[in-house]
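Asks: Supplied structure: run_9.pdb, PDB, C-alpha atoms.
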```
ATOM      1  CA  MET A1107     119.335 138.214 189.122  1.00  0.00           C
ATOM      2  CA  SER A1108     115.831 139.286 188.085  1.00  0.00           C
ATOM      3  CA  LYS A1109     113.927 142.023 189.880  1.00  0.00           C
ATOM      4  CA  ASN A1110     110.314 142.923 189.291  1.00  0.00           C
ATOM      5  CA  ILE A1111     109.581 146.644 189.587  1.00  0.00           C
ATOM      6  CA  LEU A1112     106.051 147.931 189.926  1.00  0.00           C
ATOM      7  CA  ILE A1113     105.537 151.540 188.869  1.00  0.00           C
ATOM      8  CA  GLY A1114     102.366 153.443 189.602  1.00  0.00           C
ATOM      9  CA  VAL A1115     101.606 156.956 188.383  1.00  0.00           C
ATOM     10  CA  VAL A1116      98.680 158.980 189.590  1.00  0.00           C
ATOM     11  CA  ALA A1117      97.543 161.642 187.205  1.00  0.00           C
ATOM     12  CA  PHE A1118      94.995 164.421 187.500  1.00  0.00           C
ATOM     13  CA  GLY A1119      91.471 163.168 187.746  1.00  0.00           C
ATOM     14  CA  GLY A1120      92.368 160.113 189.806  1.00  0.00           C
ATOM     15  CA  ILE A1121      93.382 157.835 186.913  1.00  0.00           C
ATOM     16  CA  ALA A1122      96.067 155.393 187.949  1.00  0.00           C
ATOM     17  CA  ILE A1123      98.462 153.933 185.447  1.00  0.00           C
ATOM     18  CA  VAL A1124     100.269 150.827 186.608  1.00  0.00           C
ATOM     19  CA  SER A1125     103.070 149.148 184.746  1.00  0.00           C
ATOM     20  CA  SER A1126     105.251 146.190 185.579  1.00  0.00           C
ATOM     21  CA  LEU A1127     108.835 145.922 184.344  1.00  0.00           C
ATOM     22  CA  VAL A1128     111.280 143.075 184.628  1.00  0.00           C
ATOM     23  CA  PHE A1129     114.851 144.112 185.229  1.00  0.00           C
ATOM     24  CA  ASN A1130     117.561 141.420 184.974  1.00  0.00           C
ATOM     25  CA  GLY A1131     120.409 143.599 186.079  1.00  0.00           C
ATOM     26  CA  ASN A1132     122.402 142.493 183.033  1.00  0.00           C
ATOM     27  CA  GLU A1133     121.800 144.113 179.682  1.00  0.00           C
ATOM     28  CA  ASP A1134     123.378 141.196 177.824  1.00  0.00           C
ATOM     29  CA  SER A1135     121.006 138.644 179.342  1.00  0.00           C
ATOM     30  CA  ALA A1136     118.279 139.626 176.893  1.00  0.00           C
ATOM     31  CA  ASN A1137     120.590 138.800 174.015  1.00  0.00           C
ATOM     32  CA  GLU A1138     121.767 135.414 175.307  1.00  0.00           C
ATOM     33  CA  ASN A1139     121.233 132.487 172.984  1.00  0.00           C
ATOM     34  CA  TYR A1140     120.152 129.254 174.574  1.00  0.00           C
ATOM     35  CA  ASP A1141     121.435 126.057 172.974  1.00  0.00           C
ATOM     36  CA  GLU A1142     118.924 123.275 172.791  1.00  0.00           C
ATOM     37  CA  THR A1143     120.322 119.765 172.869  1.00  0.00           C
ATOM     38  CA  VAL A1144     118.637 117.640 170.269  1.00  0.00           C
ATOM     39  CA  SER A1145     118.850 113.918 170.800  1.00  0.00           C
ATOM     40  CA  VAL A1146     119.204 111.891 167.629  1.00  0.00           C
ATOM     41  CA  GLU A1147     118.756 108.159 168.035  1.00  0.00           C
ATOM     42  CA  GLU A1148     121.530 106.244 166.325  1.00  0.00           C
ATOM     43  CA  VAL A1149     120.256 103.531 164.044  1.00  0.00           C
ATOM     44  CA  LEU A1150     122.373 100.408 164.345  1.00  0.00           C
ATOM     45  CA  LYS A1151     122.908  98.272 161.278  1.00  0.00           C
ATOM     46  CA  ILE A1152     124.999  95.223 160.655  1.00  0.00           C
ATOM     47  CA  PRO A1153     127.538  96.128 157.951  1.00  0.00           C
ATOM     48  CA  GLY A1154     126.495  94.671 154.577  1.00  0.00           C
ATOM     49  CA  ASP A1155     129.776  92.817 154.066  1.00  0.00           C
ATOM     50  CA  ILE A1156     129.227  91.062 157.402  1.00  0.00           C
ATOM     51  CA  SER A1157     125.561  90.160 157.008  1.00  0.00           C
ATOM     52  CA  SER A1158     126.285  88.518 153.658  1.00  0.00           C
ATOM     53  CA  GLN A1159     129.137  86.368 155.050  1.00  0.00           C
ATOM     54  CA  PHE A1160     127.682  85.134 158.350  1.00  0.00           C
ATOM     55  CA  PRO A1161     124.469  83.402 159.376  1.00  0.00           C
ATOM     56  CA  ILE A1162     122.687  85.989 161.565  1.00  0.00           C
ATOM     57  CA  TYR A1163     119.196  85.349 162.902  1.00  0.00           C
ATOM     58  CA  GLN A1164     116.922  87.471 160.694  1.00  0.00           C
ATOM     59  CA  GLU A1165     113.864  87.477 162.955  1.00  0.00           C
ATOM     60  CA  ALA A1166     115.671  89.649 165.503  1.00  0.00           C
ATOM     61  CA  GLU A1167     116.361  93.328 166.032  1.00  0.00           C
ATOM     62  CA  LEU A1168     119.934  94.538 166.461  1.00  0.00           C
ATOM     63  CA  ASP A1169     120.282  95.974 169.959  1.00  0.00           C
ATOM     64  CA  ASN A1170     124.042  96.500 170.203  1.00  0.00           C
ATOM     65  CA  LEU A1171     127.048  96.261 167.900  1.00  0.00           C
ATOM     66  CA  ARG A1172     130.778  96.392 168.567  1.00  0.00           C
ATOM     67  CA  ASP A1173     133.164  96.262 165.605  1.00  0.00           C
ATOM     68  CA  ILE A1174     136.938  96.134 166.104  1.00  0.00           C
ATOM     69  CA  ASP A1175     139.308  95.799 163.175  1.00  0.00           C
ATOM     70  CA  GLY A1176     142.599  94.473 164.556  1.00  0.00           C
ATOM     71  CA  ASP A1177     145.882  93.433 163.007  1.00  0.00           C
ATOM     72  CA  THR A1178     145.084  89.716 162.802  1.00  0.00           C
ATOM     73  CA  ALA A1179     141.268  89.713 162.697  1.00  0.00           C
ATOM     74  CA  ARG A1180     138.115  91.775 162.555  1.00  0.00           C
ATOM     75  CA  ASP A1181     135.962  91.038 165.614  1.00  0.00           C
ATOM     76  CA  LEU A1182     132.311  91.923 165.925  1.00  0.00           C
ATOM     77  CA  SER A1183     129.938  91.362 168.809  1.00  0.00           C
ATOM     78  CA  LEU A1184     126.211  91.514 168.182  1.00  0.00           C
ATOM     79  CA  SER A1185     123.364  91.638 170.634  1.00  0.00           C
ATOM     80  CA  LEU A1186     120.059  90.712 168.982  1.00  0.00           C
ATOM     81  CA  VAL A1187     116.576  90.680 170.525  1.00  0.00           C
ATOM     82  CA  THR A1188     113.764  88.464 169.281  1.00  0.00           C
ATOM     83  CA  ASN A1189     110.364  87.140 170.316  1.00  0.00           C
ATOM     84  CA  SER A1190     111.331  83.642 169.126  1.00  0.00           C
ATOM     85  CA  SER A1191     111.997  80.891 171.657  1.00  0.00           C
ATOM     86  CA  ILE A1192     115.516  79.869 172.682  1.00  0.00           C
ATOM     87  CA  LYS A1193     114.878  76.443 171.155  1.00  0.00           C
ATOM     88  CA  ASP A1194     113.836  77.990 167.803  1.00  0.00           C
ATOM     89  CA  VAL A1195     116.927  80.235 167.785  1.00  0.00           C
ATOM     90  CA  ASN A1196     119.308  77.369 168.606  1.00  0.00           C
ATOM     91  CA  ASP A1197     117.684  75.106 165.992  1.00  0.00           C
ATOM     92  CA  TRP A1198     118.005  77.857 163.356  1.00  0.00           C
ATOM     93  CA  TYR A1199     121.729  78.345 164.098  1.00  0.00           C
ATOM     94  CA  ARG A1200     122.350  74.582 164.036  1.00  0.00           C
ATOM     95  CA  SER A1201     120.794  74.429 160.579  1.00  0.00           C
ATOM     96  CA  ALA A1202     122.486  77.594 159.256  1.00  0.00           C
ATOM     97  CA  LEU A1203     125.908  76.525 160.549  1.00  0.00           C
ATOM     98  CA  SER A1204     125.601  73.202 158.718  1.00  0.00           C
ATOM     99  CA  THR A1205     125.155  74.651 155.208  1.00  0.00           C
ATOM    100  CA  ASN A1206     126.925  76.893 152.675  1.00  0.00           C
ATOM    101  CA  GLY A1207     130.431  75.830 153.719  1.00  0.00           C
ATOM    102  CA  TRP A1208     129.798  76.273 157.445  1.00  0.00           C
ATOM    103  CA  SER A1209     130.463  73.473 159.910  1.00  0.00           C
ATOM    104  CA  ILE A1210     129.636  73.272 163.601  1.00  0.00           C
ATOM    105  CA  LYS A1211     132.809  73.024 165.684  1.00  0.00           C
ATOM    106  CA  SER A1212     131.081  72.884 169.075  1.00  0.00           C
ATOM    107  CA  ASP A1213     127.515  72.614 170.359  1.00  0.00           C
ATOM    108  CA  LYS A1214     127.511  72.248 174.123  1.00  0.00           C
ATOM    109  CA  ASN A1215     125.785  73.393 177.269  1.00  0.00           C
ATOM    110  CA  VAL A1216     127.976  75.544 179.497  1.00  0.00           C
ATOM    111  CA  ALA A1217     126.525  76.662 182.834  1.00  0.00           C
ATOM    112  CA  GLY A1218     122.978  76.302 181.518  1.00  0.00           C
ATOM    113  CA  TYR A1219     123.598  78.145 178.230  1.00  0.00           C
ATOM    114  CA  GLN A1220     123.832  76.392 174.877  1.00  0.00           C
ATOM    115  CA  ILE A1221     126.881  77.709 173.007  1.00  0.00           C
ATOM    116  CA  ILE A1222     127.097  76.914 169.316  1.00  0.00           C
ATOM    117  CA  GLN A1223     130.310  77.605 167.380  1.00  0.00           C
ATOM    118  CA  GLY A1224     130.914  77.343 163.656  1.00  0.00           C
ATOM    119  CA  GLU A1225     133.627  77.941 161.049  1.00  0.00           C
ATOM    120  CA  ASN A1226     133.814  78.543 157.330  1.00  0.00           C
ATOM    121  CA  ASN A1227     137.403  78.997 156.055  1.00  0.00           C
ATOM    122  CA  ASN A1228     138.648  82.227 157.727  1.00  0.00           C
ATOM    123  CA  LEU A1229     135.215  82.999 159.252  1.00  0.00           C
ATOM    124  CA  TYR A1230     134.302  82.050 162.818  1.00  0.00           C
ATOM    125  CA  THR A1231     131.149  82.600 164.862  1.00  0.00           C
ATOM    126  CA  SER A1232     129.803  81.616 168.244  1.00  0.00           C
ATOM    127  CA  MET A1233     126.396  82.333 169.729  1.00  0.00           C
ATOM    128  CA  GLN A1234     124.252  81.803 172.755  1.00  0.00           C
ATOM    129  CA  ALA A1235     120.626  82.672 173.451  1.00  0.00           C
ATOM    130  CA  ALA A1236     119.164  83.627 176.830  1.00  0.00           C
ATOM    131  CA  ASN A1237     115.911  85.004 178.187  1.00  0.00           C
ATOM    132  CA  GLY A1238     115.672  88.785 177.782  1.00  0.00           C
ATOM    133  CA  THR A1239     114.817  91.311 180.473  1.00  0.00           C
ATOM    134  CA  VAL A1240     111.392  91.873 178.898  1.00  0.00           C
ATOM    135  CA  ALA A1241     109.046  88.912 179.302  1.00  0.00           C
ATOM    136  CA  GLY A1242     108.765  86.832 176.144  1.00  0.00           C
ATOM    137  CA  THR A1243     111.996  88.103 174.589  1.00  0.00           C
ATOM    138  CA  VAL A1244     115.240  86.291 173.898  1.00  0.00           C
ATOM    139  CA  VAL A1245     118.654  87.944 173.624  1.00  0.00           C
ATOM    140  CA  ILE A1246     121.134  86.416 171.191  1.00  0.00           C
ATOM    141  CA  SER A1247     124.800  87.188 171.833  1.00  0.00           C
ATOM    142  CA  GLN A1248     126.822  86.431 168.724  1.00  0.00           C
ATOM    143  CA  HIS A1249     130.543  86.850 168.165  1.00  0.00           C
ATOM    144  CA  LEU A1250     131.844  87.091 164.604  1.00  0.00           C
ATOM    145  CA  LYS A1251     135.481  86.904 163.557  1.00  0.00           C
ATOM    146  CA  ILE A1252     137.142  87.319 160.192  1.00  0.00           C
ATOM    147  CA  ARG A1253     140.702  86.082 160.404  1.00  0.00           C
ATOM    148  CA  LYS A1254     143.099  88.018 158.184  1.00  0.00           C
ATOM    149  CA  GLU A1255     145.318  85.901 156.000  1.00  0.00           C
TER
END
```
Re-express the file's structure as C-alpha cells.
Replies:
Amino acid sequence: MSKNILIGVVAFGGIAIVSSLVFNGNEDSANENYDETVSVEEVLKIPGDISSQFPIYQEAELDNLRDIDGDTARDLSLSLVTNSSIKDVNDWYRSALSTNGWSIKSDKNVAGYQIIQGENNNLYTSMQAANGTVAGTVVISQHLKIRKE
C-alpha cells in the first residue's frame, strides 16, 4: 500500500521547504523485479522431408500445421491461405496429383466442397479449398499421410 507524505519545514526568515516522499510500507517493494512477458511469434514451416515428397500449393502461406507420428503412419494436417481462386487451386492439385508417380483416387464434390485425393506408393493426400474469412482469400485444408511399411 503506497502512502504519500508531505513534509513542510518552516525555518527562520519565513523560507518554507516542502518535500514529498512516497512510502510503500514495504521495504522490499523497492527491490522487486518485474518480469516482462515477451511474445515471440512462432514461424511455421513445412518440414523439408514433407515438402519434397508431396505436392503442396506453393502460392500459399502456411497458417497452421499439425504433425503426428504414429505407429502405422505419420499424419500431417496443413492449413494454407492464398489469394488464388478456388478453381485455380483445384486445377493445380489436379495437375500435380497426375504427375511424378501420383494418381488421383477421388475427385468429387461433397456438400459443396471439391475434395481431391491422391496416392503415390505409401504417400496419401487429400485436399479441399474454401473461401477464407478475409475477403479474396482461399483456405486450403490438406491432409498428408506417410504409411509406414
Asks: Report as a ChimeraX atom specification the residues that result from applying the PyMOL selection byres ((chain A and resi 1208) around 9) to the structure here.
Replies: /A:1202-1207,1209-1210,1224-1227,1229
Asks: Taking the file as shown, find all residues satisfying the PyMOL selection byres ((chain A and resi 1238) around 12) and write them as a PDB file with C-alpha atoms, in the coordinates of the input.
Replies:
```pdb
ATOM      1  CA  ASP A1169     120.282  95.974 169.959  1.00  0.00           C
ATOM      2  CA  SER A1185     123.364  91.638 170.634  1.00  0.00           C
ATOM      3  CA  LEU A1186     120.059  90.712 168.982  1.00  0.00           C
ATOM      4  CA  VAL A1187     116.576  90.680 170.525  1.00  0.00           C
ATOM      5  CA  THR A1188     113.764  88.464 169.281  1.00  0.00           C
ATOM      6  CA  ASN A1189     110.364  87.140 170.316  1.00  0.00           C
ATOM      7  CA  SER A1190     111.331  83.642 169.126  1.00  0.00           C
ATOM      8  CA  SER A1191     111.997  80.891 171.657  1.00  0.00           C
ATOM      9  CA  ILE A1192     115.516  79.869 172.682  1.00  0.00           C
ATOM     10  CA  ALA A1235     120.626  82.672 173.451  1.00  0.00           C
ATOM     11  CA  ALA A1236     119.164  83.627 176.830  1.00  0.00           C
ATOM     12  CA  ASN A1237     115.911  85.004 178.187  1.00  0.00           C
ATOM     13  CA  THR A1239     114.817  91.311 180.473  1.00  0.00           C
ATOM     14  CA  VAL A1240     111.392  91.873 178.898  1.00  0.00           C
ATOM     15  CA  ALA A1241     109.046  88.912 179.302  1.00  0.00           C
ATOM     16  CA  GLY A1242     108.765  86.832 176.144  1.00  0.00           C
ATOM     17  CA  THR A1243     111.996  88.103 174.589  1.00  0.00           C
ATOM     18  CA  VAL A1244     115.240  86.291 173.898  1.00  0.00           C
ATOM     19  CA  VAL A1245     118.654  87.944 173.624  1.00  0.00           C
ATOM     20  CA  ILE A1246     121.134  86.416 171.191  1.00  0.00           C
ATOM     21  CA  SER A1247     124.800  87.188 171.833  1.00  0.00           C
TER      22      SER A1247
END
```
Asks: Please write as a PDB file with C-alpha atoms, in the frame of the given file the full residue list that the PyMOL selection byres ((chain A and resi 1248) around 7) yields on this file.
Replies:
```pdb
ATOM      1  CA  SER A1183     129.938  91.362 168.809  1.00  0.00           C
ATOM      2  CA  LEU A1184     126.211  91.514 168.182  1.00  0.00           C
ATOM      3  CA  SER A1185     123.364  91.638 170.634  1.00  0.00           C
ATOM      4  CA  THR A1231     131.149  82.600 164.862  1.00  0.00           C
ATOM      5  CA  SER A1232     129.803  81.616 168.244  1.00  0.00           C
ATOM      6  CA  MET A1233     126.396  82.333 169.729  1.00  0.00           C
ATOM      7  CA  GLN A1234     124.252  81.803 172.755  1.00  0.00           C
ATOM      8  CA  ILE A1246     121.134  86.416 171.191  1.00  0.00           C
ATOM      9  CA  SER A1247     124.800  87.188 171.833  1.00  0.00           C
ATOM     10  CA  HIS A1249     130.543  86.850 168.165  1.00  0.00           C
ATOM     11  CA  LEU A1250     131.844  87.091 164.604  1.00  0.00           C
TER      12      LEU A1250
END
```
Asks: In terms of the shortest atom-to-atom distance over only C-alpha atoms, which of A:Ile1221, A:Val1195, A:Ile1156, A:Ile1162 is closest to A:Asp1181?
Replies: A:Ile1156
Asks: Let me make sure I understand: among A:Glu1167, A:Gln1223, A:Thr1178, A:Tyr1199, which one has the smallest atom-to-atom distance to A:Lys1211 if we use all atoms listed in the file?
Replies: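 Using all atoms listed in the file, the shortest distance to A:Lys1211 belongs to A:Gln1223.
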Asks: In Å to one decimal, how far is atom CA of A:Ser1201 from atom CA of A:Lys1214?
Replies: 15.3 Å
Asks: So the first atom is atom CA of A:Ala1179 and the second is atom CA of A:Asn1215; what is the distance between them in Å, to one decimal place?
Replies: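 If I compute the distance from atom CA of A:Ala1179 to atom CA of A:Asn1215, I get 26.8 Å.
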Asks: Do you have the atom CA of A:Leu1171-atom CA of A:Gly1154 distance handy?
Replies: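 According to the coordinates, atom CA of A:Leu1171 and atom CA of A:Gly1154 are separated by 13.4 Å.
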Asks: Could you please give me, as a VMD selection string, the residues of protein, DNA or RNA lying at most 8 Å from (143.7, 84.9, 157.0) in the coordinate frame of the file, considering all atoms listed in the file?
Replies: chain A and resid 1178 to 1179 1228 1252 to 1255
Asks: Missing atoms in stretch 1222-1244 of chain A: can you complete it with N, CA and C atoms, as a short mmCIF file (atom, residue, chain, number, x, y, z; two decimals), in the coordinates of the input?
Replies:
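The file below, out-v6.cif, is the result:
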```
data_model
loop_
_atom_site.label_atom_id
_atom_site.label_comp_id
_atom_site.auth_asym_id
_atom_site.auth_seq_id
_atom_site.Cartn_x
_atom_site.Cartn_y
_atom_site.Cartn_z
N ILE A 1222 126.89 77.56 170.61
CA ILE A 1222 127.10 76.91 169.32
C ILE A 1222 128.17 77.70 168.57
N GLN A 1223 129.20 76.98 168.10
CA GLN A 1223 130.31 77.60 167.38
C GLN A 1223 130.43 76.99 166.00
N GLY A 1224 130.75 77.84 165.02
CA GLY A 1224 130.91 77.34 163.66
C GLY A 1224 132.04 78.05 162.93
N GLU A 1225 132.55 77.38 161.88
CA GLU A 1225 133.63 77.94 161.05
C GLU A 1225 133.33 77.73 159.57
N ASN A 1226 133.89 78.64 158.78
CA ASN A 1226 133.81 78.54 157.33
C ASN A 1226 135.06 79.24 156.79
N ASN A 1227 136.10 78.46 156.48
CA ASN A 1227 137.40 79.00 156.06
C ASN A 1227 137.95 79.97 157.10
N ASN A 1228 138.08 81.26 156.78
CA ASN A 1228 138.65 82.23 157.73
C ASN A 1228 137.57 82.92 158.57
N LEU A 1229 136.33 82.42 158.49
CA LEU A 1229 135.22 83.00 159.25
C LEU A 1229 134.90 82.12 160.45
N TYR A 1230 134.63 82.76 161.58
CA TYR A 1230 134.30 82.05 162.82
C TYR A 1230 133.14 82.76 163.49
N THR A 1231 132.22 82.01 164.07
CA THR A 1231 131.15 82.60 164.86
C THR A 1231 130.80 81.71 166.04
N SER A 1232 130.35 82.34 167.10
CA SER A 1232 129.80 81.62 168.24
C SER A 1232 128.59 82.39 168.72
N MET A 1233 127.62 81.67 169.27
CA MET A 1233 126.40 82.33 169.73
C MET A 1233 125.83 81.62 170.94
N GLN A 1234 125.05 82.37 171.68
CA GLN A 1234 124.25 81.80 172.76
C GLN A 1234 122.99 82.63 172.88
N ALA A 1235 121.91 82.00 173.29
CA ALA A 1235 120.63 82.67 173.45
C ALA A 1235 120.19 82.54 174.90
N ALA A 1236 119.62 83.62 175.44
CA ALA A 1236 119.16 83.63 176.83
C ALA A 1236 117.88 84.44 176.91
N ASN A 1237 117.12 84.23 177.99
CA ASN A 1237 115.91 85.00 178.19
C ASN A 1237 116.26 86.48 178.34
N GLY A 1238 115.46 87.34 177.71
CA GLY A 1238 115.67 88.78 177.78
C GLY A 1238 115.10 89.37 179.06
N THR A 1239 115.33 90.64 179.28
CA THR A 1239 114.82 91.31 180.47
C THR A 1239 113.33 91.61 180.35
N VAL A 1240 112.82 91.70 179.13
CA VAL A 1240 111.39 91.87 178.90
C VAL A 1240 110.78 90.49 178.69
N ALA A 1241 109.69 90.22 179.38
CA ALA A 1241 109.05 88.91 179.30
C ALA A 1241 108.74 88.55 177.85
N GLY A 1242 109.05 87.32 177.49
CA GLY A 1242 108.76 86.83 176.14
C GLY A 1242 109.84 87.15 175.11
N THR A 1243 110.92 87.81 175.54
CA THR A 1243 112.00 88.10 174.59
C THR A 1243 113.20 87.22 174.86
N VAL A 1244 113.99 87.06 173.82
CA VAL A 1244 115.24 86.29 173.90
C VAL A 1244 116.35 87.18 173.37
#
```
